[in-house]
$ cat coords26.tsv   # TSV, C-alpha atoms and all ligand atoms
chain	number	residue	atom	x	y	z
A	4	MET	CA	134.47	-167.66	-75.60
A	5	PRO	CA	132.66	-167.10	-72.30
A	6	ARG	CA	132.49	-163.46	-71.34
A	7	PHE	CA	134.51	-163.79	-68.13
A	8	ARG	CA	137.37	-165.40	-70.02
A	9	ALA	CA	137.43	-162.63	-72.61
A	10	ILE	CA	137.66	-160.10	-69.80
A	11	ALA	CA	140.40	-162.10	-68.09
A	12	LEU	CA	142.48	-162.25	-71.26
A	13	ALA	CA	141.97	-158.56	-71.92
A	14	ALA	CA	143.21	-157.83	-68.41
A	15	LEU	CA	146.21	-160.02	-69.03
A	16	ALA	CA	147.06	-158.19	-72.22
A	17	LEU	CA	147.10	-154.91	-70.31
A	18	VAL	CA	149.54	-156.15	-67.72
A	19	LEU	CA	152.02	-158.24	-69.65
A	20	PRO	CA	154.40	-156.42	-71.98
A	21	ALA	CA	153.63	-156.71	-75.69
A	22	THR	CA	157.11	-158.09	-76.35
A	23	GLY	CA	155.96	-161.54	-75.26
A	24	SER	CA	156.54	-163.50	-72.11
A	25	ARG	CA	159.84	-165.19	-72.90
A	26	ALA	CA	162.21	-162.25	-72.55
A	27	ALA	CA	165.25	-163.06	-70.40
A	28	ASP	CA	164.59	-160.34	-67.90
A	29	GLN	CA	161.13	-161.06	-66.57
A	30	VAL	CA	158.94	-163.43	-64.65
A	31	ASN	CA	155.14	-163.70	-64.55
A	32	VAL	CA	153.35	-164.26	-61.25
A	33	TYR	CA	149.71	-165.19	-60.80
A	34	THR	CA	148.53	-164.57	-57.28
A	35	TYR	CA	145.55	-164.60	-54.94
A	36	ARG	CA	147.32	-162.09	-52.72
A	37	GLU	CA	146.39	-158.45	-53.05
A	38	THR	CA	148.70	-156.46	-55.30
A	39	LYS	CA	149.35	-153.86	-52.61
A	40	LEU	CA	150.72	-156.60	-50.35
A	41	VAL	CA	153.07	-158.20	-52.86
A	42	GLN	CA	154.14	-155.28	-55.07
A	43	PRO	CA	156.70	-153.82	-52.63
A	44	LEU	CA	158.28	-157.24	-52.43
A	45	PHE	CA	158.49	-157.70	-56.20
A	46	ASP	CA	159.82	-154.15	-56.61
A	47	ALA	CA	162.67	-155.07	-54.27
A	48	PHE	CA	163.36	-158.24	-56.29
A	49	THR	CA	163.51	-156.21	-59.51
A	50	ARG	CA	165.87	-153.67	-57.92
A	51	GLU	CA	168.21	-156.44	-56.80
A	52	THR	CA	168.14	-158.66	-59.89
A	53	GLY	CA	167.01	-156.51	-62.82
A	54	ILE	CA	164.26	-159.08	-63.48
A	55	ALA	CA	160.84	-157.47	-64.01
A	56	VAL	CA	157.88	-159.09	-62.26
A	57	ASN	CA	154.52	-158.98	-64.03
A	58	VAL	CA	151.68	-159.65	-61.62
A	59	ILE	CA	148.18	-160.94	-62.29
A	60	SER	CA	146.12	-160.72	-59.11
A	61	ALA	CA	142.70	-162.35	-58.80
A	62	SER	CA	140.41	-163.54	-56.04
A	63	SER	CA	139.52	-166.86	-57.67
A	64	GLY	CA	139.94	-169.11	-60.68
A	65	LEU	CA	143.69	-168.86	-61.27
A	66	GLU	CA	144.23	-172.64	-61.46
A	67	GLN	CA	141.44	-172.97	-64.02
A	68	ARG	CA	142.89	-170.07	-65.95
A	69	ILE	CA	146.39	-171.57	-66.06
A	70	LYS	CA	144.87	-174.89	-67.13
A	71	ALA	CA	142.83	-173.22	-69.87
A	72	GLU	CA	145.86	-171.33	-71.13
A	73	GLY	CA	147.69	-174.65	-71.41
A	74	ALA	CA	151.16	-174.71	-72.94
A	75	ASN	CA	150.77	-171.04	-73.88
A	76	SER	CA	150.20	-169.87	-70.33
A	77	PRO	CA	152.44	-166.93	-69.49
A	78	ALA	CA	152.29	-167.90	-65.81
A	79	ASP	CA	155.59	-168.92	-64.24
A	80	VAL	CA	154.81	-168.77	-60.55
A	81	LEU	CA	151.56	-169.22	-58.64
A	82	LEU	CA	151.64	-167.50	-55.26
A	83	THR	CA	148.73	-168.55	-53.10
A	84	VAL	CA	147.52	-169.25	-49.60
A	85	ASP	CA	146.31	-172.35	-47.82
A	86	ILE	CA	147.16	-175.96	-48.49
A	87	GLY	CA	143.63	-176.29	-49.91
A	88	ARG	CA	144.39	-173.97	-52.83
A	89	ILE	CA	147.96	-175.23	-53.12
A	90	ASP	CA	146.73	-178.81	-53.36
A	91	ASP	CA	144.01	-177.83	-55.86
A	92	ALA	CA	146.71	-176.44	-58.15
A	93	VAL	CA	148.78	-179.62	-57.95
A	94	GLN	CA	145.68	-181.78	-58.53
A	95	ALA	CA	144.84	-179.65	-61.58
A	96	GLY	CA	148.13	-180.79	-63.12
A	97	ILE	CA	149.41	-177.27	-63.74
A	98	THR	CA	152.63	-177.47	-61.73
A	99	GLN	CA	156.09	-179.03	-61.90
A	100	PRO	CA	158.74	-179.74	-59.24
A	101	ILE	CA	160.77	-176.75	-58.06
A	102	LYS	CA	164.29	-178.08	-58.30
A	103	SER	CA	166.21	-175.91	-55.87
A	104	ALA	CA	168.87	-176.73	-53.32
A	105	VAL	CA	168.15	-173.34	-51.70
A	106	ILE	CA	164.49	-174.21	-51.08
A	107	ASP	CA	165.44	-177.67	-49.81
A	108	GLU	CA	167.89	-176.10	-47.40
A	109	ILE	CA	165.79	-173.19	-46.10
A	110	VAL	CA	162.22	-174.49	-46.05
A	111	PRO	CA	161.75	-177.14	-43.33
A	112	PRO	CA	160.68	-180.49	-44.88
A	113	GLN	CA	157.22	-180.47	-43.26
A	114	TYR	CA	156.44	-177.20	-45.11
A	115	ARG	CA	157.22	-178.39	-48.64
A	116	ASP	CA	155.90	-181.04	-50.99
A	117	PRO	CA	157.88	-184.30	-50.87
A	118	ASN	CA	157.54	-184.25	-54.68
A	119	GLY	CA	158.74	-180.66	-54.90
A	120	HIS	CA	155.59	-179.11	-56.42
A	121	TRP	CA	155.09	-176.52	-53.69
A	122	ALA	CA	156.96	-174.79	-50.93
A	123	GLY	CA	155.71	-172.69	-48.04
A	124	ILE	CA	157.06	-169.16	-47.78
A	125	SER	CA	155.17	-168.13	-44.63
A	126	MET	CA	152.83	-169.61	-42.08
A	127	ARG	CA	149.56	-168.70	-40.42
A	128	ALA	CA	148.12	-170.52	-37.44
A	129	ARG	CA	144.48	-171.41	-36.75
A	130	VAL	CA	143.91	-170.19	-33.23
A	131	ILE	CA	141.37	-169.04	-30.66
A	132	TYR	CA	140.01	-165.53	-30.20
A	133	ALA	CA	138.92	-165.73	-26.54
A	134	ALA	CA	136.67	-163.22	-24.77
A	135	LYS	CA	139.03	-161.27	-22.50
A	136	ASP	CA	136.46	-160.72	-19.78
A	137	ARG	CA	134.95	-164.22	-19.75
A	138	VAL	CA	137.77	-166.65	-20.49
A	139	LYS	CA	140.24	-166.92	-17.65
A	140	GLN	CA	142.50	-169.67	-18.94
A	141	ASP	CA	145.45	-168.68	-21.08
A	142	SER	CA	146.14	-172.00	-22.71
A	143	ILE	CA	143.84	-174.40	-24.50
A	144	SER	CA	143.94	-177.56	-26.61
A	145	TYR	CA	142.11	-178.37	-29.84
A	146	GLU	CA	140.82	-181.54	-28.21
A	147	GLU	CA	139.23	-179.47	-25.44
A	148	LEU	CA	137.01	-177.63	-27.94
A	149	ALA	CA	134.74	-180.69	-27.86
A	150	ASP	CA	134.51	-180.66	-24.05
A	151	PRO	CA	130.90	-180.02	-22.88
A	152	LYS	CA	132.24	-177.28	-20.58
A	153	TRP	CA	132.20	-175.04	-23.68
A	154	LYS	CA	128.58	-175.88	-24.58
A	155	GLY	CA	126.98	-172.98	-26.46
A	156	LYS	CA	130.17	-170.92	-26.23
A	157	ILE	CA	132.05	-171.44	-29.51
A	158	CYS	CA	131.75	-169.55	-32.81
A	159	ILE	CA	133.29	-170.68	-36.09
A	160	ARG	CA	132.86	-170.19	-39.84
A	161	SER	CA	131.72	-173.01	-42.15
A	162	GLY	CA	133.29	-176.39	-41.55
A	163	GLN	CA	133.79	-176.66	-45.31
A	164	HIS	CA	135.86	-173.49	-45.57
A	165	ILE	CA	139.45	-174.33	-46.54
A	166	TYR	CA	140.86	-173.04	-43.22
A	167	ASN	CA	138.65	-175.35	-41.16
A	168	ASN	CA	139.01	-178.15	-43.71
A	169	ALA	CA	142.78	-178.10	-43.10
A	170	LEU	CA	142.36	-177.99	-39.31
A	171	PHE	CA	139.96	-180.92	-39.39
A	172	ALA	CA	142.25	-182.75	-41.84
A	173	ALA	CA	145.10	-182.24	-39.37
A	174	TYR	CA	142.93	-183.78	-36.64
A	175	LEU	CA	142.24	-186.73	-38.96
A	176	ALA	CA	145.92	-187.15	-39.79
A	177	LYS	CA	146.64	-187.34	-36.07
A	178	TYR	CA	143.71	-189.34	-34.70
A	179	GLY	CA	141.98	-191.18	-37.56
A	180	GLU	CA	138.36	-191.17	-38.60
A	181	GLN	CA	136.51	-192.44	-35.55
A	182	LYS	CA	138.05	-190.07	-33.04
A	183	THR	CA	137.78	-187.14	-35.44
A	184	GLU	CA	134.09	-187.78	-36.02
A	185	GLN	CA	133.55	-187.89	-32.27
A	186	TRP	CA	135.47	-184.64	-31.83
A	187	LEU	CA	133.58	-182.91	-34.63
A	188	ARG	CA	130.26	-183.94	-33.07
A	189	GLY	CA	131.45	-182.55	-29.73
A	190	LEU	CA	132.62	-179.30	-31.29
A	191	LYS	CA	129.35	-178.99	-33.21
A	192	ALA	CA	127.41	-179.52	-29.97
A	193	ASN	CA	129.37	-176.65	-28.38
A	194	LEU	CA	128.59	-174.07	-31.08
A	195	ALA	CA	126.70	-170.97	-30.01
A	196	GLN	CA	125.23	-170.59	-33.48
A	197	LYS	CA	125.22	-172.10	-36.95
A	198	PRO	CA	128.66	-171.75	-38.61
A	199	SER	CA	128.67	-168.45	-40.50
A	200	GLY	CA	130.64	-165.45	-41.70
A	201	GLY	CA	134.41	-165.28	-41.82
A	202	ASP	CA	137.08	-165.15	-39.12
A	203	ARG	CA	136.54	-161.40	-38.56
A	204	GLU	CA	132.82	-161.91	-37.99
A	205	THR	CA	133.74	-164.64	-35.53
A	206	ALA	CA	135.77	-162.08	-33.54
A	207	ARG	CA	132.84	-159.67	-33.84
A	208	ASP	CA	130.48	-162.25	-32.33
A	209	VAL	CA	132.87	-162.99	-29.46
A	210	ALA	CA	133.16	-159.25	-28.79
A	211	ALA	CA	129.35	-158.98	-28.83
A	212	GLY	CA	129.05	-161.73	-26.21
A	213	LYS	CA	127.43	-164.31	-28.50
A	214	CYS	CA	130.25	-166.74	-27.76
A	215	ASP	CA	133.35	-166.97	-25.56
A	216	LEU	CA	135.70	-168.66	-28.02
A	217	GLY	CA	136.05	-167.97	-31.73
A	218	ILE	CA	138.24	-169.92	-34.12
A	219	GLY	CA	140.25	-167.77	-36.51
A	220	ASN	CA	143.57	-167.26	-38.25
A	221	THR	CA	146.42	-165.34	-36.62
A	222	TYR	CA	146.70	-162.57	-39.24
A	223	TYR	CA	143.05	-161.43	-39.07
A	224	TRP	CA	143.40	-160.46	-35.41
A	225	ALA	CA	146.55	-158.47	-36.18
A	226	LEU	CA	144.87	-156.77	-39.16
A	227	MET	CA	141.85	-155.79	-37.04
A	228	MET	CA	144.10	-154.47	-34.29
A	229	ASN	CA	146.52	-152.53	-36.51
A	230	ALA	CA	144.90	-151.75	-39.83
A	231	ASP	CA	141.12	-151.64	-39.52
A	232	PRO	CA	139.88	-149.02	-37.03
A	233	ASP	CA	136.22	-150.12	-37.42
A	234	LYS	CA	137.08	-153.64	-36.32
A	235	LYS	CA	139.70	-152.76	-33.73
A	236	PRO	CA	137.17	-153.11	-30.87
A	237	TRP	CA	136.66	-156.76	-31.89
A	238	ALA	CA	140.36	-157.42	-31.42
A	239	GLU	CA	140.47	-155.39	-28.22
A	240	ALA	CA	137.68	-157.45	-26.67
A	241	THR	CA	139.53	-160.69	-27.34
A	242	LYS	CA	142.88	-162.31	-26.66
A	243	VAL	CA	144.61	-164.74	-28.97
A	244	LEU	CA	145.31	-168.16	-27.51
A	245	LEU	CA	147.62	-170.46	-29.45
A	246	PRO	CA	145.93	-173.85	-29.00
A	247	THR	CA	147.96	-177.03	-29.22
A	248	PHE	CA	147.13	-180.64	-29.88
A	249	ASP	CA	147.69	-182.75	-26.75
A	250	GLY	CA	151.36	-183.66	-26.87
A	251	GLY	CA	151.80	-181.66	-30.09
A	252	GLY	CA	151.73	-178.09	-31.29
A	253	THR	CA	149.61	-175.45	-32.99
A	254	HIS	CA	148.00	-176.15	-36.37
A	255	VAL	CA	149.65	-174.03	-39.05
A	256	ASN	CA	148.85	-173.55	-42.69
A	257	LEU	CA	150.93	-171.99	-45.44
A	258	SER	CA	151.24	-169.20	-47.87
A	259	GLY	CA	153.08	-170.95	-50.65
A	260	VAL	CA	154.59	-170.89	-54.13
A	261	LEU	CA	154.26	-173.25	-57.06
A	262	LEU	CA	156.18	-173.41	-60.33
A	263	THR	CA	153.86	-173.83	-63.30
A	264	GLN	CA	154.18	-176.77	-65.64
A	265	HIS	CA	154.92	-174.67	-68.72
A	266	ALA	CA	156.74	-171.77	-67.06
A	267	PRO	CA	158.16	-169.80	-70.01
A	268	ASN	CA	160.68	-168.06	-67.73
A	269	GLN	CA	161.60	-171.02	-65.60
A	270	ALA	CA	165.09	-169.94	-64.53
A	271	ASN	CA	163.82	-166.53	-63.42
A	272	ALA	CA	160.91	-168.20	-61.67
A	273	VAL	CA	163.24	-170.36	-59.59
A	274	LYS	CA	165.35	-167.26	-58.86
A	275	LEU	CA	162.26	-165.46	-57.58
A	276	ILE	CA	161.12	-168.44	-55.50
A	277	GLU	CA	164.58	-168.69	-53.92
A	278	TRP	CA	164.66	-164.94	-53.33
A	279	LEU	CA	161.32	-165.15	-51.51
A	280	VAL	CA	162.89	-167.29	-48.78
A	281	GLY	CA	165.85	-164.92	-48.38
A	282	ASP	CA	166.28	-162.91	-45.20
A	283	SER	CA	165.00	-159.53	-46.40
A	284	ALA	CA	162.08	-160.89	-48.45
A	285	GLN	CA	161.00	-163.07	-45.56
A	286	GLN	CA	160.89	-160.13	-43.23
A	287	ILE	CA	158.98	-157.87	-45.64
A	288	TYR	CA	156.53	-160.58	-46.66
A	289	ALA	CA	155.74	-161.94	-43.21
A	290	ASP	CA	155.58	-158.48	-41.68
A	291	SER	CA	153.24	-156.99	-44.30
A	292	ASN	CA	150.94	-160.04	-44.18
A	293	TYR	CA	151.15	-160.58	-40.41
A	294	GLU	CA	152.35	-164.11	-40.98
A	295	TYR	CA	155.14	-166.23	-39.51
A	296	PRO	CA	158.31	-166.34	-41.63
A	297	ILE	CA	159.14	-169.82	-42.95
A	298	ARG	CA	162.85	-169.12	-42.65
A	299	PRO	CA	164.05	-169.89	-39.14
A	300	GLY	CA	165.52	-166.93	-37.27
A	301	VAL	CA	163.68	-164.10	-39.10
A	302	PRO	CA	162.16	-161.65	-36.57
A	303	LEU	CA	158.39	-161.75	-36.06
A	304	ASN	CA	156.01	-158.85	-36.42
A	305	ALA	CA	155.48	-157.39	-32.93
A	306	THR	CA	151.72	-158.12	-32.80
A	307	ILE	CA	152.29	-161.71	-33.89
A	308	ALA	CA	155.08	-162.11	-31.34
A	309	GLY	CA	152.63	-160.86	-28.71
A	310	TYR	CA	150.53	-164.02	-29.08
A	311	GLY	CA	153.28	-165.97	-27.32
A	312	LYS	CA	155.74	-168.47	-28.64
A	313	LEU	CA	154.38	-170.53	-31.51
A	314	ILE	CA	155.15	-174.21	-31.22
A	315	ALA	CA	153.99	-175.44	-34.58
A	316	ASP	CA	152.60	-178.96	-34.76
A	317	PRO	CA	155.16	-181.21	-36.48
A	318	MET	CA	152.62	-182.97	-38.75
A	319	PRO	CA	153.83	-182.48	-42.36
A	320	ILE	CA	151.47	-180.28	-44.36
A	321	ALA	CA	151.43	-182.87	-47.18
A	322	LYS	CA	149.96	-185.42	-44.76
A	323	ILE	CA	147.26	-182.91	-43.83
A	324	ALA	CA	146.52	-182.25	-47.51
A	325	ALA	CA	146.00	-185.99	-48.03
A	326	GLN	CA	143.09	-185.90	-45.53
A	327	ARG	CA	141.22	-182.92	-47.04
A	328	LYS	CA	138.58	-184.97	-48.81
A	329	ALA	CA	137.96	-187.22	-45.79
A	330	ALA	CA	137.60	-184.13	-43.58
A	331	SER	CA	135.02	-182.64	-45.94
A	332	ILE	CA	133.02	-185.88	-45.95
A	333	LEU	CA	133.03	-186.01	-42.13
A	334	VAL	CA	131.82	-182.40	-41.91
A	335	ASP	CA	128.82	-183.36	-44.01
A	336	LYS	CA	128.30	-186.61	-42.11
A	337	VAL	CA	128.01	-184.86	-38.72
A	338	GLY	CA	125.92	-182.03	-40.21
A	339	PHE	CA	128.47	-179.51	-38.97
A	340	ASP	CA	127.11	-176.60	-41.00
A	341	ASN	CA	123.42	-177.38	-40.46
A	401	FE	FE	142.29	-165.37	-45.04
$ encode --input "coords26.tsv" --output "structure tokens" --more "lines below"
Ligand SMILES: [Fe+2]
Amino acid sequence: MPRFRAIALAALALVLPATGSRAADQVNVYTYRETKLVQPLFDAFTRETGIAVNVISASSGLEQRIKAEGANSPADVLLTVDIGRIDDAVQAGITQPIKSAVIDEIVPPQYRDPNGHWAGISMRARVIYAAKDRVKQDSISYEELADPKWKGKICIRSGQHIYNNALFAAYLAKYGEQKTEQWLRGLKANLAQKPSGGDRETARDVAAGKCDLGIGNTYYWALMMNADPDKKPWAEATKVLLPTFDGGGTHVNLSGVLLTQHAPNQANAVKLIEWLVGDSAQQIYADSNYEYPIRPGVPLNATIAGYGKLIADPMPIAKIAAQRKAASILVDKVGFDN
């Protein structure tokens, strides 16, 4: 057995109760989210339902782990972020349809899998961190990012990162290959530097004057502003613009849930998934993660609301997922990261 797997299984043994994973009163969640973010939520679920939630948190490899565990996997629910990771889990064959009238009613159709394998529980948008002192306009389009007027003024992380892969896939879903290639070449020509770092470093570079526009996710800006004093100046030097596609809306991605293929506590898993789209859970979850609630009508976190009204692009996330591979190929073709 490879060493990492032995360690993973040992960790699992510590967390899951020795009585086995099929007891009537529990559910097992594997997640890429940090425990401190999700534990208050699961504690509330346990208080309300009496169902214990056992959490395995990791930064990578959960799909492979569930696959390796096979029919004996204790995992019931996979809680993850980004359609890239969600789609990877479905492609790995480790999920099954969530059959729930509650999910079908609450989660708008564009934010769940037509085949039922995943459902969004909150949204993040891929937006612009604009230099406050150098960018006068307060609206912008994604198309415009390829306009030569921004030559040498844009910073972005790798074009192959899942967040950009989804944005580029959305562009493909809307405009097709030829126009997307053209746009990617234009965007590439406008970069101030080789794609690098993460979204926070992008804000850092805008704040330092290396570029005027940075592309990043909505929650990072809020985290820097509210929860990371060292990086607060990067948020303070920038303003968030919610870009839109011409005639469309802002590109959003999901934090989502999947039901595992062999879920030993399937009924409890569906209960938890349904609970996650309830009013109180939605508010706690979206507020603690600085994301947009999936359930219409739930109040936004104040910082997020401060970005302005989000008009999400109507393109179904499943259609974006279908273009992921093509987007990755185009990124290589135009040498985006070179
Ligand atoms: Fe992130």
$ closest_residue --input "coords26.tsv" --among "A:Cys214, A:Ala95, A:Ala55, A:Ile320" --to "A:Gly73" --atoms "only C-alpha atoms"
A:Ala95
$ closest_residue --input "coords26.tsv" --among "A:Asn292, A:Gln42, A:Phe248, A:Thr34" --to "A:Ala176" --atoms "all atoms listed in the file"
A:Phe248
$ residues_around --input "coords26.tsv" --residues "A:Ile159" --least-positions-apart "6" --cutoff "7 Å" --atoms "all atoms listed in the file" --output "JSON, numbers by chain"
{"A": [198, 199, 205, 217, 218]}
$ atom_distance --input "coords26.tsv" --atom1 "atom CA of A:Val243" --atom2 "atom CA of A:Asp85"
20.4 Å
$ closest_residue --input "coords26.tsv" --among "A:Pro112, A:Pro246, A:Gly338, A:Gly300" --to "A:Ala315" --atoms "all atoms listed in the file"
A:Pro246
$ closest_residue --input "coords26.tsv" --among "A:Asn193, A:Ser144, A:Gln326, A:Ser62" --to "ligand FE 401 (chain A)" --atoms "all atoms listed in the file"
A:Ser62
